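Below: protein_2.cif (mmCIF, C-alpha atoms)
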```cif
data_final
#
loop_
_atom_site.group_PDB
_atom_site.id
_atom_site.type_symbol
_atom_site.label_atom_id
_atom_site.label_comp_id
_atom_site.auth_asym_id
_atom_site.auth_seq_id
_atom_site.Cartn_x
_atom_site.Cartn_y
_atom_site.Cartn_z
ATOM 1 C CA MET A 1 -7.567 -10.275 11.648
ATOM 2 C CA THR A 2 -10.178 -12.879 12.640
ATOM 3 C CA THR A 3 -8.284 -16.115 13.188
ATOM 4 C CA THR A 4 -10.649 -18.248 15.283
ATOM 5 C CA ARG A 5 -13.975 -19.806 14.393
ATOM 6 C CA PRO A 6 -16.813 -17.831 15.926
ATOM 7 C CA GLN A 7 -19.327 -19.073 18.434
ATOM 8 C CA THR A 8 -22.466 -19.731 16.359
ATOM 9 C CA THR A 9 -25.998 -19.633 17.768
ATOM 10 C CA LEU A 10 -29.478 -19.686 16.299
ATOM 11 C CA ASP A 11 -31.896 -17.347 18.067
ATOM 12 C CA PRO A 12 -35.129 -19.347 18.395
ATOM 13 C CA ARG A 13 -37.115 -16.185 19.204
ATOM 14 C CA TYR A 14 -36.654 -14.969 15.619
ATOM 15 C CA SER A 15 -36.338 -18.274 13.778
ATOM 16 C CA ASP A 16 -38.844 -20.785 12.451
ATOM 17 C CA ALA A 17 -38.998 -24.093 14.293
ATOM 18 C CA THR A 18 -37.375 -25.865 11.312
ATOM 19 C CA ALA A 19 -34.508 -23.353 10.943
ATOM 20 C CA THR A 20 -30.879 -24.220 11.649
ATOM 21 C CA ALA A 21 -27.945 -21.919 12.302
ATOM 22 C CA THR A 22 -26.100 -20.833 9.169
ATOM 23 C CA ASP A 23 -22.512 -22.071 8.974
ATOM 24 C CA TRP A 24 -19.875 -19.337 9.230
ATOM 25 C CA GLN A 25 -18.298 -20.470 5.944
ATOM 26 C CA GLU A 26 -21.570 -19.699 4.160
ATOM 27 C CA ALA A 27 -21.695 -16.247 5.775
ATOM 28 C CA GLU A 28 -18.088 -15.584 4.698
ATOM 29 C CA ALA A 29 -18.963 -16.607 1.135
ATOM 30 C CA ARG A 30 -21.861 -14.143 1.172
ATOM 31 C CA LEU A 31 -19.606 -11.358 2.518
ATOM 32 C CA THR A 32 -17.069 -12.130 -0.208
ATOM 33 C CA ALA A 33 -19.677 -12.044 -2.990
ATOM 34 C CA ALA A 34 -21.610 -8.972 -1.806
ATOM 35 C CA GLU A 35 -20.941 -5.867 -3.876
ATOM 36 C CA LEU A 36 -22.759 -3.179 -1.908
ATOM 37 C CA PHE A 37 -22.661 -2.529 1.812
ATOM 38 C CA TRP A 38 -24.207 0.153 3.990
ATOM 39 C CA ILE A 39 -21.910 1.575 6.661
ATOM 40 C CA THR A 40 -23.178 3.205 9.821
ATOM 41 C CA THR A 41 -20.863 5.479 11.796
ATOM 42 C CA VAL A 42 -21.630 7.842 14.661
ATOM 43 C CA ARG A 43 -21.288 11.619 14.363
ATOM 44 C CA PRO A 44 -19.587 13.501 17.222
ATOM 45 C CA ASP A 45 -23.017 14.682 18.443
ATOM 46 C CA GLY A 46 -24.254 11.058 18.611
ATOM 47 C CA ARG A 47 -26.418 11.044 15.480
ATOM 48 C CA PRO A 48 -25.934 8.096 13.115
ATOM 49 C CA HIS A 49 -24.560 8.516 9.611
ATOM 50 C CA VAL A 50 -25.345 5.846 6.992
ATOM 51 C CA THR A 51 -23.992 5.616 3.457
ATOM 52 C CA PRO A 52 -23.501 2.900 0.814
ATOM 53 C CA LEU A 53 -20.061 1.752 -0.305
ATOM 54 C CA PRO A 54 -18.230 -1.178 -1.889
ATOM 55 C CA ALA A 55 -16.179 -3.396 0.404
ATOM 56 C CA ILE A 56 -13.814 -6.352 0.210
ATOM 57 C CA TRP A 57 -13.852 -9.352 2.565
ATOM 58 C CA SER A 58 -10.223 -10.412 3.045
ATOM 59 C CA ASP A 59 -8.293 -12.187 5.792
ATOM 60 C CA GLY A 60 -11.205 -12.199 8.223
ATOM 61 C CA ALA A 61 -12.223 -8.547 7.874
ATOM 62 C CA LEU A 62 -14.308 -6.234 5.725
ATOM 63 C CA HIS A 63 -12.253 -3.482 4.080
ATOM 64 C CA PHE A 64 -13.555 -0.181 2.764
ATOM 65 C CA CYS A 65 -12.040 3.117 1.737
ATOM 66 C CA THR A 66 -13.064 6.739 2.137
ATOM 67 C CA GLY A 67 -11.617 10.170 1.551
ATOM 68 C CA PRO A 68 -10.084 11.646 4.714
ATOM 69 C CA GLU A 69 -12.482 14.618 4.625
ATOM 70 C CA GLU A 70 -15.639 12.573 4.107
ATOM 71 C CA ARG A 71 -18.167 12.441 6.951
ATOM 72 C CA LYS A 72 -17.528 8.741 7.700
ATOM 73 C CA ALA A 73 -13.758 9.317 8.019
ATOM 74 C CA ARG A 74 -14.322 12.281 10.334
ATOM 75 C CA ASN A 75 -16.738 10.172 12.389
ATOM 76 C CA LEU A 76 -14.223 7.312 12.619
ATOM 77 C CA ALA A 77 -11.564 9.703 13.923
ATOM 78 C CA GLU A 78 -13.828 10.243 16.948
ATOM 79 C CA ASN A 79 -15.416 6.799 17.292
ATOM 80 C CA PRO A 80 -14.156 3.673 15.468
ATOM 81 C CA HIS A 81 -17.302 1.578 16.125
ATOM 82 C CA VAL A 82 -19.154 0.737 12.899
ATOM 83 C CA VAL A 83 -21.873 -1.470 11.506
ATOM 84 C CA LEU A 84 -21.739 -2.728 7.911
ATOM 85 C CA THR A 85 -24.812 -4.358 6.395
ATOM 86 C CA THR A 86 -25.508 -6.142 3.125
ATOM 87 C CA GLY A 87 -28.306 -8.265 1.775
ATOM 88 C CA THR A 88 -31.406 -8.173 -0.356
ATOM 89 C CA PRO A 89 -34.208 -5.591 -0.387
ATOM 90 C CA MET A 90 -37.000 -8.171 -0.097
ATOM 91 C CA TRP A 91 -38.548 -9.137 3.233
ATOM 92 C CA ASP A 92 -39.325 -12.771 2.381
ATOM 93 C CA GLN A 93 -36.355 -13.936 0.307
ATOM 94 C CA GLY A 94 -32.590 -13.742 0.415
ATOM 95 C CA TYR A 95 -30.188 -13.323 3.264
ATOM 96 C CA ASP A 96 -29.025 -10.220 5.161
ATOM 97 C CA LEU A 97 -25.798 -9.798 7.134
ATOM 98 C CA VAL A 98 -24.952 -7.226 9.795
ATOM 99 C CA VAL A 99 -21.276 -6.904 10.792
ATOM 100 C CA GLU A 100 -20.375 -5.044 14.006
ATOM 101 C CA GLY A 101 -16.803 -4.084 14.848
ATOM 102 C CA GLU A 102 -14.170 -1.371 15.011
ATOM 103 C CA ALA A 103 -12.655 0.245 11.940
ATOM 104 C CA ARG A 104 -8.848 0.268 11.976
ATOM 105 C CA ARG A 105 -6.721 2.095 9.398
ATOM 106 C CA VAL A 106 -4.642 -0.035 7.053
ATOM 107 C CA THR A 107 -1.426 1.849 6.264
ATOM 108 C CA ASP A 108 1.030 -0.863 5.244
ATOM 109 C CA ASP A 109 1.723 -0.318 1.536
ATOM 110 C CA ALA A 110 2.252 -4.052 0.853
ATOM 111 C CA ARG A 111 -1.158 -4.859 2.342
ATOM 112 C CA LEU A 112 -2.726 -1.928 0.505
ATOM 113 C CA HIS A 113 -1.348 -3.266 -2.802
ATOM 114 C CA GLU A 114 -3.050 -6.620 -2.077
ATOM 115 C CA LEU A 115 -6.321 -4.856 -1.305
ATOM 116 C CA ALA A 116 -6.064 -2.609 -4.387
ATOM 117 C CA THR A 117 -5.706 -5.711 -6.546
ATOM 118 C CA ALA A 118 -8.709 -7.281 -4.811
ATOM 119 C CA TRP A 119 -10.822 -4.137 -5.390
ATOM 120 C CA GLU A 120 -10.041 -4.052 -9.107
ATOM 121 C CA THR A 121 -10.575 -7.803 -9.477
ATOM 122 C CA LYS A 122 -13.969 -7.608 -7.806
ATOM 123 C CA TYR A 123 -15.286 -4.273 -9.109
ATOM 124 C CA GLY A 124 -13.431 -3.659 -12.380
ATOM 125 C CA SER A 125 -11.003 -1.074 -13.702
ATOM 126 C CA PHE A 126 -13.025 1.915 -12.447
ATOM 127 C CA TRP A 127 -11.774 0.893 -8.993
ATOM 128 C CA HIS A 128 -8.078 0.890 -9.946
ATOM 129 C CA PHE A 129 -6.002 2.373 -7.124
ATOM 130 C CA GLU A 130 -2.376 3.370 -6.930
ATOM 131 C CA VAL A 131 -0.816 2.936 -3.483
ATOM 132 C CA ARG A 132 1.457 5.555 -1.941
ATOM 133 C CA GLU A 133 2.313 6.578 1.604
ATOM 134 C CA GLY A 134 -0.416 4.558 3.303
ATOM 135 C CA TYR A 135 -3.311 5.610 1.029
ATOM 136 C CA PHE A 136 -5.169 4.562 -2.078
ATOM 137 C CA HIS A 137 -4.841 7.157 -4.850
ATOM 138 C CA HIS A 138 -7.388 7.497 -7.630
ATOM 139 C CA GLY A 139 -7.302 10.451 -10.025
ATOM 140 C CA ALA A 140 -6.701 13.657 -8.065
ATOM 141 C CA GLY A 141 -7.904 12.231 -4.748
ATOM 142 C CA HIS A 142 -6.762 9.800 -2.113
ATOM 143 C CA ALA A 143 -8.549 7.530 0.318
ATOM 144 C CA ALA A 144 -7.813 5.948 3.655
ATOM 145 C CA VAL A 145 -8.461 2.208 3.866
ATOM 146 C CA TYR A 146 -10.051 0.631 6.929
ATOM 147 C CA ALA A 147 -10.406 -2.967 8.106
ATOM 148 C CA VAL A 148 -13.313 -4.086 10.270
ATOM 149 C CA ALA A 149 -12.678 -7.415 11.974
ATOM 150 C CA PRO A 150 -16.099 -8.536 13.174
ATOM 151 C CA ARG A 151 -16.914 -8.611 16.860
ATOM 152 C CA THR A 152 -20.444 -9.864 16.205
ATOM 153 C CA VAL A 153 -22.201 -10.766 12.960
ATOM 154 C CA PHE A 154 -25.925 -11.362 12.565
ATOM 155 C CA GLY A 155 -27.390 -13.331 9.667
ATOM 156 C CA PHE A 156 -31.054 -13.110 8.749
ATOM 157 C CA GLY A 157 -32.521 -15.859 6.569
ATOM 158 C CA LYS A 158 -35.673 -14.520 4.909
ATOM 159 C CA GLY A 159 -38.420 -16.772 3.643
ATOM 160 C CA GLU A 160 -39.120 -20.350 4.575
ATOM 161 C CA PRO A 161 -37.550 -20.914 6.985
ATOM 162 C CA PHE A 162 -36.901 -17.522 8.551
ATOM 163 C CA SER A 163 -33.820 -17.575 10.784
ATOM 164 C CA GLN A 164 -31.490 -15.424 12.828
ATOM 165 C CA THR A 165 -27.928 -16.644 13.363
ATOM 166 C CA ARG A 166 -25.380 -14.839 15.517
ATOM 167 C CA TRP A 167 -21.643 -15.315 15.299
ATOM 168 C CA ARG A 168 -19.509 -13.978 18.158
ATOM 169 C CA PHE A 169 -15.767 -13.619 17.846
ATOM 170 C CA ALA A 170 -13.454 -13.786 20.870
#
```
Give the structure from this file in structure tokens form.
Amino acid sequence: MTTTRPQTTLDPRYSDATATATDWQEAEARLTAAELFWITTVRPDGRPHVTPLPAIWSDGALHFCTGPEERKARNLAENPHVVLTTGTPMWDQGYDLVVEGEARRVTDDARLHELATAWETKYGSFWHFEVREGYFHHGAGHAAVYAVAPRTVFGFGKGEPFSQTRWRFA
């Protein structure tokens, strides 16, 4: 997935004078630790669709799963561009991240086994998945897994000092 270090810039228009750009390694650590993300996809008629979901940061990409008949999966079949966000609900403390990229299906069973292990390790046994024929299986249902390698990531430091860092990937 993402193999090069991103270009990092601090946007002075939205940052305090004492702010510095956040290091990409810190952003990756936050993506790894975050438990809840909000995904935005685009419906065929152009309206946005937003829903919460768990995700795993692995090998330079965010990974999420969804049932093939769910709205987000149907949207991705038409338009793979997504935004995933995570952070804190306070305006003056914490850190928010916005990841922009394209969702690509993960169908390799060996890779899916690695991701299934990561899901259960991070979220517990409720998120135990069996892997068969390019899908996660859980109970009576199955889910497609997607990877989103970031094209651009925005980081918003909230509180003193406020900051906005942008990471661009080639």
Compile the contact shell of His137 in chain A as a ChimeraX atom specification: residues with an atom at most 12 Å away, counting all atoms listed in the file, same-chain residues fewer than 6 positions apart removed.
/A:65-68,109,112-113,116,127-131,143-145
CA of Leu76 in chain A to CA of His49 in chain A measures 10.8 Å
Which residues would end up in the selection if the PyMOL selection byres ((chain A and resi 30-40) around 9) were applied here, given that I need the answer as a ChimeraX atom specification?
/A:25-29,41-42,48-58,62,72,81-87,95,97,122-123
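Interatomic distance, CA of Arg105 in chain A to CA of Ala170 in chain A: 20.7 Å.
Closest approach to Ala73 in chain A among A:Arg104, A:Arg47, A:Arg13, A:Arg5 is made by A:Arg104 (distances from all atoms listed in the file).
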Resolved residues for the PyMOL selection byres ((chain A and resi 101) around 8) as a PDB file with C-alpha atoms, keeping the file's coordinate frame:
```
ATOM      1  CA  HIS A  81     -17.302   1.578  16.125  1.00  0.00           C
ATOM      2  CA  VAL A  82     -19.154   0.737  12.899  1.00  0.00           C
ATOM      3  CA  VAL A  83     -21.873  -1.470  11.506  1.00  0.00           C
ATOM      4  CA  VAL A  99     -21.276  -6.904  10.792  1.00  0.00           C
ATOM      5  CA  GLU A 100     -20.375  -5.044  14.006  1.00  0.00           C
ATOM      6  CA  GLU A 102     -14.170  -1.371  15.011  1.00  0.00           C
ATOM      7  CA  ALA A 103     -12.655   0.245  11.940  1.00  0.00           C
ATOM      8  CA  VAL A 148     -13.313  -4.086  10.270  1.00  0.00           C
ATOM      9  CA  ALA A 149     -12.678  -7.415  11.974  1.00  0.00           C
ATOM     10  CA  PRO A 150     -16.099  -8.536  13.174  1.00  0.00           C
ATOM     11  CA  ARG A 151     -16.914  -8.611  16.860  1.00  0.00           C
ATOM     12  CA  THR A 152     -20.444  -9.864  16.205  1.00  0.00           C
TER      13      THR A 152
END
```
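Counting all atoms listed in the file, the residue from A:Asp59, A:Glu78, A:Glu133, A:Asp92 that sits nearest to Ser163 in chain A is A:Asp92.
Straight-line separation from CA of Phe154 in chain A to CA of Gly124 in chain A: 28.9 Å.
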Please put the answer as JSON: centre and edge lengths, in Å with one decimal, of a box along x, y and z that encloses all listed atoms of range 164-168 of chain A plus 4 Å on each side.
```
{"center_x": -25.5, "center_y": -15.3, "center_z": 15.5, "size_x": 20.0, "size_y": 10.7, "size_z": 13.3}
```
Tell me which residues come within 6 Å of (-16.4, -15.8, 17.9), as number ranges by chain, counting only C-alpha atoms in the file's coordinates.
A: 5-7, 167-170
Give me, as a PyMOL selection string, all polymer residues having an atom no more than 8 Å from Thr8 in chain A, counting only C-alpha atoms and skipping those fewer than 3 positions away in the same chain.
chain A and resi 21+23-24+165-168
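When all atoms listed in the file are used to compute distances to Leu115 in chain A, the closest of the residues A:Tyr135, A:Phe156, A:Thr18, A:Met90 turns out to be A:Tyr135.
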Show which residues sit within 9 Å of Ala19 in chain A, as a list in words. Count only C-alpha atoms, and ignore same-chain residues fewer than 5 positions away.
Leu10, Pro12, Gly157, Glu160, Pro161, Phe162, Ser163 and Gln164 of chain A
Nearest to Gly46 in chain A by atom-to-atom distance, counting only C-alpha atoms, from A:Arg71, A:Gly159, A:Asn79, A:Thr22
A:Asn79
Any chance you could build range 50-71 of chain A out to N, CA and C atoms and write it as an mmCIF file, keeping the file's coordinate frame?
```
data_model
loop_
_atom_site.group_PDB
_atom_site.id
_atom_site.type_symbol
_atom_site.label_atom_id
_atom_site.label_comp_id
_atom_site.auth_asym_id
_atom_site.auth_seq_id
_atom_site.Cartn_x
_atom_site.Cartn_y
_atom_site.Cartn_z
ATOM 1 N N VAL A 50 -25.280 7.075 7.777
ATOM 2 C CA VAL A 50 -25.345 5.846 6.992
ATOM 3 C C VAL A 50 -25.108 6.197 5.532
ATOM 4 N N THR A 51 -24.254 5.398 4.875
ATOM 5 C CA THR A 51 -23.992 5.616 3.457
ATOM 6 C C THR A 51 -23.586 4.298 2.793
ATOM 7 N N PRO A 52 -23.909 4.126 1.507
ATOM 8 C CA PRO A 52 -23.501 2.900 0.814
ATOM 9 C C PRO A 52 -22.054 2.984 0.351
ATOM 10 N N LEU A 53 -21.417 1.813 0.233
ATOM 11 C CA LEU A 53 -20.061 1.752 -0.305
ATOM 12 C C LEU A 53 -19.717 0.327 -0.700
ATOM 13 N N PRO A 54 -18.729 0.162 -1.579
ATOM 14 C CA PRO A 54 -18.230 -1.178 -1.889
ATOM 15 C C PRO A 54 -17.261 -1.604 -0.791
ATOM 16 N N ALA A 55 -17.119 -2.891 -0.608
ATOM 17 C CA ALA A 55 -16.179 -3.396 0.404
ATOM 18 C C ALA A 55 -15.636 -4.744 -0.059
ATOM 19 N N ILE A 56 -14.502 -5.107 0.521
ATOM 20 C CA ILE A 56 -13.814 -6.352 0.210
ATOM 21 C C ILE A 56 -13.701 -7.167 1.494
ATOM 22 N N TRP A 57 -14.094 -8.439 1.447
ATOM 23 C CA TRP A 57 -13.852 -9.352 2.565
ATOM 24 C C TRP A 57 -12.508 -10.020 2.310
ATOM 25 N N SER A 58 -11.561 -9.848 3.221
ATOM 26 C CA SER A 58 -10.223 -10.412 3.045
ATOM 27 C C SER A 58 -9.597 -10.663 4.403
ATOM 28 N N ASP A 59 -9.012 -11.841 4.561
ATOM 29 C CA ASP A 59 -8.293 -12.187 5.792
ATOM 30 C C ASP A 59 -9.105 -11.905 7.053
ATOM 31 N N GLY A 60 -10.376 -12.288 7.030
ATOM 32 C CA GLY A 60 -11.205 -12.199 8.223
ATOM 33 C C GLY A 60 -11.708 -10.818 8.569
ATOM 34 N N ALA A 61 -11.729 -9.899 7.597
ATOM 35 C CA ALA A 61 -12.223 -8.547 7.874
ATOM 36 C C ALA A 61 -12.843 -7.957 6.614
ATOM 37 N N LEU A 62 -13.795 -7.050 6.820
ATOM 38 C CA LEU A 62 -14.308 -6.234 5.725
ATOM 39 C C LEU A 62 -13.406 -5.016 5.589
ATOM 40 N N HIS A 63 -13.100 -4.644 4.351
ATOM 41 C CA HIS A 63 -12.253 -3.482 4.080
ATOM 42 C C HIS A 63 -13.029 -2.497 3.213
ATOM 43 N N PHE A 64 -12.930 -1.235 3.555
ATOM 44 C CA PHE A 64 -13.555 -0.181 2.764
ATOM 45 C C PHE A 64 -12.609 1.007 2.728
ATOM 46 N N CYS A 65 -12.875 1.921 1.812
ATOM 47 C CA CYS A 65 -12.040 3.117 1.737
ATOM 48 C C CYS A 65 -12.932 4.352 1.695
ATOM 49 N N THR A 66 -12.345 5.469 2.117
ATOM 50 C CA THR A 66 -13.064 6.739 2.137
ATOM 51 C C THR A 66 -12.062 7.884 2.127
ATOM 52 N N GLY A 67 -12.462 8.972 1.521
ATOM 53 C CA GLY A 67 -11.617 10.170 1.551
ATOM 54 C C GLY A 67 -11.483 10.683 2.972
ATOM 55 N N PRO A 68 -10.308 11.201 3.336
ATOM 56 C CA PRO A 68 -10.084 11.646 4.714
ATOM 57 C C PRO A 68 -11.011 12.774 5.176
ATOM 58 N N GLU A 69 -11.587 13.524 4.245
ATOM 59 C CA GLU A 69 -12.482 14.618 4.625
ATOM 60 C C GLU A 69 -13.952 14.235 4.577
ATOM 61 N N GLU A 70 -14.242 13.003 4.157
ATOM 62 C CA GLU A 70 -15.639 12.573 4.107
ATOM 63 C C GLU A 70 -16.192 12.393 5.523
ATOM 64 N N ARG A 71 -17.500 12.520 5.645
ATOM 65 C CA ARG A 71 -18.167 12.441 6.951
ATOM 66 C C ARG A 71 -17.804 11.157 7.682
#
```
